[in-house]
$ cat data14.cif   # mmCIF, C-alpha atoms
data_final
#
loop_
_atom_site.label_atom_id
_atom_site.label_comp_id
_atom_site.auth_asym_id
_atom_site.auth_seq_id
_atom_site.Cartn_x
_atom_site.Cartn_y
_atom_site.Cartn_z
CA MET A 1457 10.13 0.82 6.00
CA HIS A 1458 12.47 -0.75 8.49
CA PHE A 1459 13.81 -3.66 6.53
CA ALA A 1460 16.15 -3.70 3.54
CA GLU A 1461 13.71 -3.30 0.66
CA ASN A 1462 16.17 -4.53 -1.96
CA LEU A 1463 17.08 -7.82 -0.27
CA TRP A 1464 15.52 -11.01 -1.57
CA ILE A 1465 14.86 -12.88 1.69
CA ARG A 1466 13.20 -16.26 1.92
CA VAL A 1467 11.83 -17.66 5.15
CA GLU A 1468 12.35 -21.32 5.89
CA GLN A 1469 8.73 -22.23 5.27
CA MET A 1470 5.52 -20.44 4.41
CA ARG A 1471 2.48 -22.67 4.71
CA GLN A 1472 -0.96 -22.00 3.33
CA LEU A 1473 -3.70 -22.95 5.77
CA HIS A 1474 -6.75 -21.93 3.74
CA PRO A 1475 -8.45 -22.71 1.38
CA THR A 1476 -6.18 -25.78 1.21
CA VAL A 1477 -3.13 -26.75 3.24
CA LEU A 1478 0.11 -26.66 1.27
CA ASP A 1479 3.69 -25.40 1.44
CA ILE A 1480 4.34 -22.26 -0.58
CA GLU A 1481 7.66 -22.18 -2.38
CA ASP A 1482 7.17 -18.96 -4.33
CA ILE A 1483 5.32 -16.21 -2.45
CA PRO A 1484 5.68 -13.53 -5.19
CA GLU A 1485 4.08 -15.87 -7.72
CA THR A 1486 1.28 -16.65 -5.26
CA TYR A 1487 0.30 -12.97 -5.00
CA ALA A 1488 0.92 -12.25 -8.69
CA CYS A 1489 -1.53 -15.02 -9.70
CA ASP A 1490 -4.40 -13.71 -7.57
CA LEU A 1491 -7.45 -12.64 -9.58
CA ARG A 1492 -7.97 -8.88 -9.69
CA PRO A 1493 -10.80 -8.12 -12.13
CA PRO A 1494 -10.23 -4.76 -13.81
CA HIS A 1495 -12.43 -1.73 -13.23
CA ALA A 1496 -13.44 0.40 -16.19
CA ASP A 1497 -12.50 3.72 -14.60
CA ARG A 1498 -10.10 3.12 -11.70
CA PRO A 1499 -7.41 0.72 -10.53
CA TRP A 1500 -8.11 -2.33 -8.40
CA VAL A 1501 -7.22 -1.15 -4.87
CA VAL A 1502 -5.26 -3.41 -2.53
CA LEU A 1503 -5.03 -2.23 1.08
CA ASN A 1504 -1.96 -3.71 2.77
CA MET A 1505 -1.43 -3.34 6.52
CA VAL A 1506 0.26 -5.07 9.43
CA THR A 1507 -1.31 -5.09 12.89
CA SER A 1508 -0.56 -6.64 16.24
CA ILE A 1509 -2.87 -9.28 17.72
CA ASP A 1510 -4.58 -6.53 19.70
CA GLY A 1511 -5.03 -4.30 16.65
CA ALA A 1512 -2.13 -1.84 16.91
CA THR A 1513 -0.73 -0.59 13.59
CA ALA A 1514 2.49 0.80 15.02
CA VAL A 1515 5.01 0.53 17.83
CA ASP A 1516 6.39 3.91 18.91
CA GLY A 1517 4.74 5.44 15.86
CA LEU A 1518 6.28 3.08 13.29
CA SER A 1519 5.00 -0.12 11.67
CA GLY A 1520 8.44 -1.71 11.37
CA GLY A 1521 8.36 -3.08 14.92
CA LEU A 1522 5.48 -5.38 13.98
CA GLY A 1523 7.05 -7.04 10.95
CA GLY A 1524 9.39 -9.97 10.48
CA VAL A 1525 11.22 -11.72 7.68
CA GLY A 1526 8.02 -13.28 6.33
CA ASP A 1527 6.21 -9.95 6.44
CA ALA A 1528 9.07 -8.34 4.53
CA GLN A 1529 8.81 -10.99 1.84
CA VAL A 1530 5.04 -10.61 1.54
CA PHE A 1531 5.43 -6.81 1.50
CA ARG A 1532 7.80 -7.01 -1.46
CA ALA A 1533 5.62 -9.56 -3.23
CA ILE A 1534 2.58 -7.28 -2.99
CA ARG A 1535 4.59 -4.24 -4.10
CA ALA A 1536 5.77 -6.26 -7.08
CA VAL A 1537 2.13 -6.71 -8.13
CA ALA A 1538 1.24 -3.01 -7.89
CA ASP A 1539 1.42 -0.51 -10.72
CA VAL A 1540 1.22 2.39 -8.26
CA ILE A 1541 1.67 2.71 -4.49
CA VAL A 1542 -0.73 5.16 -2.83
CA VAL A 1543 0.14 6.54 0.60
CA GLY A 1544 -0.81 9.42 2.84
CA SER A 1545 1.75 12.16 3.40
CA GLY A 1546 1.92 11.47 7.14
CA THR A 1547 2.84 7.83 6.61
CA ALA A 1548 5.30 8.67 3.84
CA THR A 1549 7.07 11.10 6.18
CA ALA A 1550 6.95 8.99 9.36
CA GLU A 1551 8.17 5.85 7.59
CA ASN A 1552 10.80 7.81 5.60
CA TYR A 1553 9.60 6.59 2.23
CA GLY A 1554 12.03 6.47 -0.64
CA PRO A 1555 11.74 5.37 -4.26
CA PRO A 1556 10.55 1.75 -4.51
CA VAL A 1557 13.27 -0.88 -4.68
CA LEU A 1558 12.78 -4.44 -5.90
CA SER A 1559 15.20 -7.28 -6.53
CA PRO A 1560 16.33 -7.96 -10.11
CA GLU A 1561 14.26 -11.17 -10.00
CA LEU A 1562 11.07 -9.30 -9.15
CA ILE A 1563 11.81 -6.62 -11.75
CA GLU A 1564 12.22 -9.32 -14.39
CA ARG A 1565 8.90 -10.85 -13.39
CA ARG A 1566 7.18 -7.46 -13.63
CA THR A 1567 8.51 -6.72 -17.09
CA SER A 1568 7.56 -10.20 -18.28
CA ARG A 1569 3.97 -9.35 -17.27
CA GLY A 1570 4.12 -6.09 -19.21
CA GLN A 1571 4.53 -3.86 -16.14
CA ALA A 1572 7.04 -1.07 -15.58
CA GLU A 1573 10.20 -2.13 -13.77
CA LEU A 1574 9.07 -0.38 -10.58
CA PRO A 1575 5.71 0.82 -9.29
CA ALA A 1576 4.95 4.53 -9.24
CA ILE A 1577 4.25 6.25 -5.91
CA ALA A 1578 1.38 8.68 -5.36
CA VAL A 1579 1.37 10.66 -2.10
CA LEU A 1580 -1.97 12.08 -0.91
CA SER A 1581 -1.71 15.48 0.76
CA ASN A 1582 -4.20 18.31 1.29
CA SER A 1583 -1.79 20.63 3.08
CA LEU A 1584 1.34 19.82 1.03
CA SER A 1585 3.29 19.76 4.29
CA LEU A 1586 5.98 17.65 2.66
CA ASP A 1587 9.72 18.21 2.79
CA PRO A 1588 11.11 18.37 -0.77
CA THR A 1589 14.47 17.19 0.59
CA GLN A 1590 12.90 13.92 1.85
CA ARG A 1591 14.57 10.98 0.11
CA LEU A 1592 11.40 10.18 -1.83
CA PHE A 1593 11.92 13.43 -3.76
CA THR A 1594 15.70 13.45 -4.20
CA SER A 1595 16.23 10.68 -6.75
CA ASN A 1596 17.52 11.60 -10.19
CA THR A 1597 15.72 8.64 -11.75
CA PHE A 1598 12.39 8.50 -9.90
CA ARG A 1599 9.71 11.17 -9.76
CA PRO A 1600 6.71 10.59 -7.47
CA ILE A 1601 3.18 11.91 -7.86
CA ILE A 1602 1.55 14.18 -5.28
CA ALA A 1603 -2.25 14.26 -5.31
CA THR A 1604 -3.84 17.32 -3.71
CA SER A 1605 -6.79 19.67 -4.20
CA HIS A 1606 -7.24 22.99 -5.99
CA ALA A 1607 -7.12 24.66 -2.57
CA ALA A 1608 -3.50 23.58 -2.01
CA PRO A 1609 -1.29 26.39 -0.63
CA PRO A 1610 0.56 28.03 -3.56
CA GLY A 1611 3.95 28.29 -1.85
CA PRO A 1612 4.47 24.58 -1.13
CA LEU A 1613 2.76 23.77 -4.43
CA HIS A 1614 5.37 25.72 -6.38
CA GLU A 1615 8.23 24.23 -4.34
CA LEU A 1616 7.07 20.64 -4.73
CA GLN A 1617 6.43 20.98 -8.46
CA ALA A 1618 10.20 20.90 -8.90
CA VAL A 1619 10.50 17.39 -7.43
CA ALA A 1620 7.13 15.70 -8.12
CA ASP A 1621 4.25 15.58 -10.58
CA ILE A 1622 1.35 17.44 -8.94
CA VAL A 1623 -2.21 16.29 -9.58
CA GLN A 1624 -5.02 18.53 -8.30
CA LYS A 1625 -8.38 16.83 -7.89
CA GLY A 1626 -11.17 18.28 -5.75
CA GLU A 1627 -12.00 21.84 -4.80
CA THR A 1628 -11.20 21.95 -1.07
CA SER A 1629 -9.87 18.45 -0.35
CA THR A 1630 -8.29 15.73 -2.43
CA ASP A 1631 -10.95 13.88 -4.43
CA LEU A 1632 -9.93 10.22 -4.06
CA VAL A 1633 -12.27 8.94 -6.77
CA ALA A 1634 -10.97 11.47 -9.28
CA THR A 1635 -7.39 10.76 -8.20
CA LEU A 1636 -7.85 7.04 -8.84
CA GLY A 1637 -9.39 7.91 -12.20
CA HIS A 1638 -6.28 9.91 -13.06
CA LEU A 1639 -4.00 7.03 -12.05
CA HIS A 1640 -6.10 4.72 -14.21
CA SER A 1641 -5.66 7.09 -17.16
CA LEU A 1642 -1.89 6.71 -16.71
CA GLY A 1643 -2.24 2.97 -17.24
CA HIS A 1644 -2.14 1.89 -13.59
CA ARG A 1645 -4.42 -1.12 -13.13
CA VAL A 1646 -3.50 -2.16 -9.57
CA ALA A 1647 -3.06 0.43 -6.81
CA LEU A 1648 -1.50 -0.57 -3.49
CA LEU A 1649 -2.78 1.49 -0.55
CA GLU A 1650 -0.30 1.63 2.34
CA GLY A 1651 -2.10 3.89 4.82
CA GLY A 1652 -2.20 5.46 7.23
CA PRO A 1653 -5.38 4.73 9.19
CA SER A 1654 -7.19 7.97 8.31
CA ILE A 1655 -6.48 7.52 4.58
CA ASN A 1656 -7.59 3.90 4.82
CA ALA A 1657 -10.87 5.00 6.43
CA GLN A 1658 -11.54 7.46 3.61
CA PHE A 1659 -11.07 4.76 0.98
CA ILE A 1660 -13.28 2.35 2.92
CA ALA A 1661 -16.03 4.96 3.35
CA LEU A 1662 -16.07 5.46 -0.42
CA ASP A 1663 -16.10 1.68 -1.02
CA LEU A 1664 -12.86 1.86 -2.96
CA VAL A 1665 -11.04 -1.05 -1.29
CA ASP A 1666 -11.23 -4.23 -3.39
CA GLU A 1667 -8.72 -6.33 -1.48
CA LEU A 1668 -7.20 -6.38 2.00
CA THR A 1669 -3.87 -8.10 2.59
CA LEU A 1670 -3.47 -8.16 6.35
CA THR A 1671 -0.52 -9.38 8.40
CA PHE A 1672 -1.24 -10.40 11.98
CA SER A 1673 1.96 -9.97 13.98
CA PRO A 1674 2.35 -12.28 17.03
CA THR A 1675 2.69 -9.23 19.25
CA LEU A 1676 0.70 -7.55 22.00
CA VAL A 1677 1.28 -3.81 21.98
CA GLY A 1678 -1.32 -2.01 24.08
CA GLY A 1679 -0.80 1.75 24.16
CA THR A 1680 -2.74 4.18 22.00
CA SER A 1681 -1.86 3.08 18.49
CA LYS A 1682 -4.63 3.61 15.95
CA ARG A 1683 -6.35 0.61 14.41
CA LEU A 1684 -6.24 -0.18 10.70
CA ALA A 1685 -8.81 2.44 9.70
CA VAL A 1686 -10.01 5.41 11.75
CA GLY A 1687 -12.45 8.03 10.49
CA PRO A 1688 -15.80 9.71 11.11
CA ASP A 1689 -17.78 7.65 8.58
CA ALA A 1690 -18.51 4.04 9.57
CA VAL A 1691 -19.59 1.52 6.94
CA ALA A 1692 -20.01 -2.25 6.76
CA ALA A 1693 -18.13 -3.43 3.67
CA ASN A 1694 -18.40 -7.22 3.54
CA MET A 1695 -15.19 -9.07 2.67
CA SER A 1696 -14.65 -12.72 1.73
CA LEU A 1697 -11.68 -14.62 3.14
CA ASP A 1698 -9.62 -15.85 0.20
CA ARG A 1699 -6.42 -17.17 1.79
CA ILE A 1700 -4.48 -17.66 5.02
CA ILE A 1701 -0.70 -18.19 5.07
CA GLU A 1702 1.40 -18.81 8.17
CA ALA A 1703 5.13 -18.26 8.76
CA ASP A 1704 7.10 -17.66 11.95
CA ASP A 1705 3.85 -17.26 13.95
CA HIS A 1706 2.69 -14.48 11.61
CA LEU A 1707 -0.60 -14.87 9.76
CA PHE A 1708 -1.02 -13.41 6.28
CA LEU A 1709 -4.66 -13.03 5.28
CA ARG A 1710 -6.13 -12.05 1.93
CA TYR A 1711 -9.69 -10.74 1.85
CA VAL A 1712 -11.60 -9.70 -1.27
CA ARG A 1713 -14.52 -7.27 -1.30
CA ASN A 1714 -17.81 -9.09 -1.62
CA ARG A 1715 -19.89 -6.87 -3.88
CA HIS A 1716 -22.68 -9.41 -4.39
CA ASN A 1717 -24.39 -8.68 -1.04
#
$ encode --input "data14.cif" --output "structure tokens"
Amino acid sequence: MHFAENLWIRVEQMRQLHPTVLDIEDIPETYACDLRPPHADRPWVVLNMVTSIDGATAVDGLSGGLGGVGDAQVFRAIRAVADVIVVGSGTATAENYGPPVLSPELIERRTSRGQAELPAIAVLSNSLSLDPTQRLFTSNTFRPIIATSHAAPPGPLHELQAVADIVQKGETSTDLVATLGHLHSLGHRVALLEGGPSINAQFIALDLVDELTLTFSPTLVGGTSKRLAVGPDAVAANMSLDRIIEADDHLFLRYVRNRHN
């Protein structure tokens, strides 16, 4: 990500517009108090993305150009809620992912809720085309998870086993349902999905997204950037609008999957 993940930044004012109008003084507490009913066999999945007004998810291939100070604060608040961050290998590489970093204040809040100090990270990869020298894999204190299939190439598999915990689910491609089941067995109750668009589409097609936290950046991008979710299988998963927050011309929306229709 293209902002300092460890900085505790507060914008001048974040204002909730829906369902009631009020000033928000504590954005991490706002997201931490949201209801996320537990599933019996998998984590609650939160999909978090930022897009431009015209639907672009990146500028010059990176999402950082769409964010601002408010988006950075919301990003950290949502990460502070998650037990595990789930991301595709392409996004993890393009955005130069590293071990998660939270402020001491957010770490204290997590531990007071009974969570680990930091969320785990699970990278989804069929091909295992990951560089073991990438900073995500070079920490002496943090070991990520890589979820792949039983058809994963043995060479990269052996190499990456030295720097990550490998989980193989699915015969020829990564089984997302089984992967979430494994994460649930590790005690992870909230999974934060951070893309990219093709991974998002796979989760949506399987009806695995329970919550969407979407930032609308006040930016027009044009170009050929992919939209939030792109894949061969189209579905109509109804969502209910739970909240709208505004700060610095950015809109922060929270939608929850409506499973009653």
$ resolve_selection --input "data14.cif" --expression "the PyMOL selection byres ((chain A and resi 1499) around 6)" --output "ChimeraX atom specification"
/A:1498,1500-1501,1640,1645-1647
$ residues_around --input "data14.cif" --residues "region 1698-1700 of chain A" --least-positions-apart "6" --cutoff "6 Å" --atoms "all atoms listed in the file" --output "number ranges by chain"
A: 1472-1475, 1708-1711
$ write_last_selection --input "data14.cif" --atoms "C-alpha atoms" --output "compact mmCIF listing (two decimals), keeping the file's coordinate frame"
# COMPACT_ATOMS: atom_id res chain seq x y z
CA GLN A 1472 -0.96 -22.00 3.33
CA LEU A 1473 -3.70 -22.95 5.77
CA HIS A 1474 -6.75 -21.93 3.74
CA PRO A 1475 -8.45 -22.71 1.38
CA PHE A 1708 -1.02 -13.41 6.28
CA LEU A 1709 -4.66 -13.03 5.28
CA ARG A 1710 -6.13 -12.05 1.93
CA TYR A 1711 -9.69 -10.74 1.85
$ residues_around --input "data14.cif" --residues "Pro1612 (chain A)" --least-positions-apart "2" --cutoff "12 Å" --atoms "all atoms listed in the file" --output "list in words"
Ser1581, Asn1582, Ser1583, Leu1584, Ser1585, Leu1586, Asp1587, Pro1588, Ile1602, Thr1604, Ala1607, Ala1608, Pro1609, Pro1610, His1614, Glu1615, Leu1616, Gln1617, Ala1618, Val1619, Ala1620 and Ile1622 of chain A
$ residues_around --input "data14.cif" --residues "region 1509-1517 of chain A" --least-positions-apart "6" --cutoff "6 Å" --atoms "all atoms listed in the file" --output "PyMOL selection string"
chain A and resi 1675-1676+1681+1683
$ closest_residue --input "data14.cif" --among "A:Glu1667, A:Glu1481, A:Glu1650, A:Asp1631" --to "Glu1551 (chain A)" --atoms "all atoms listed in the file"
A:Glu1650
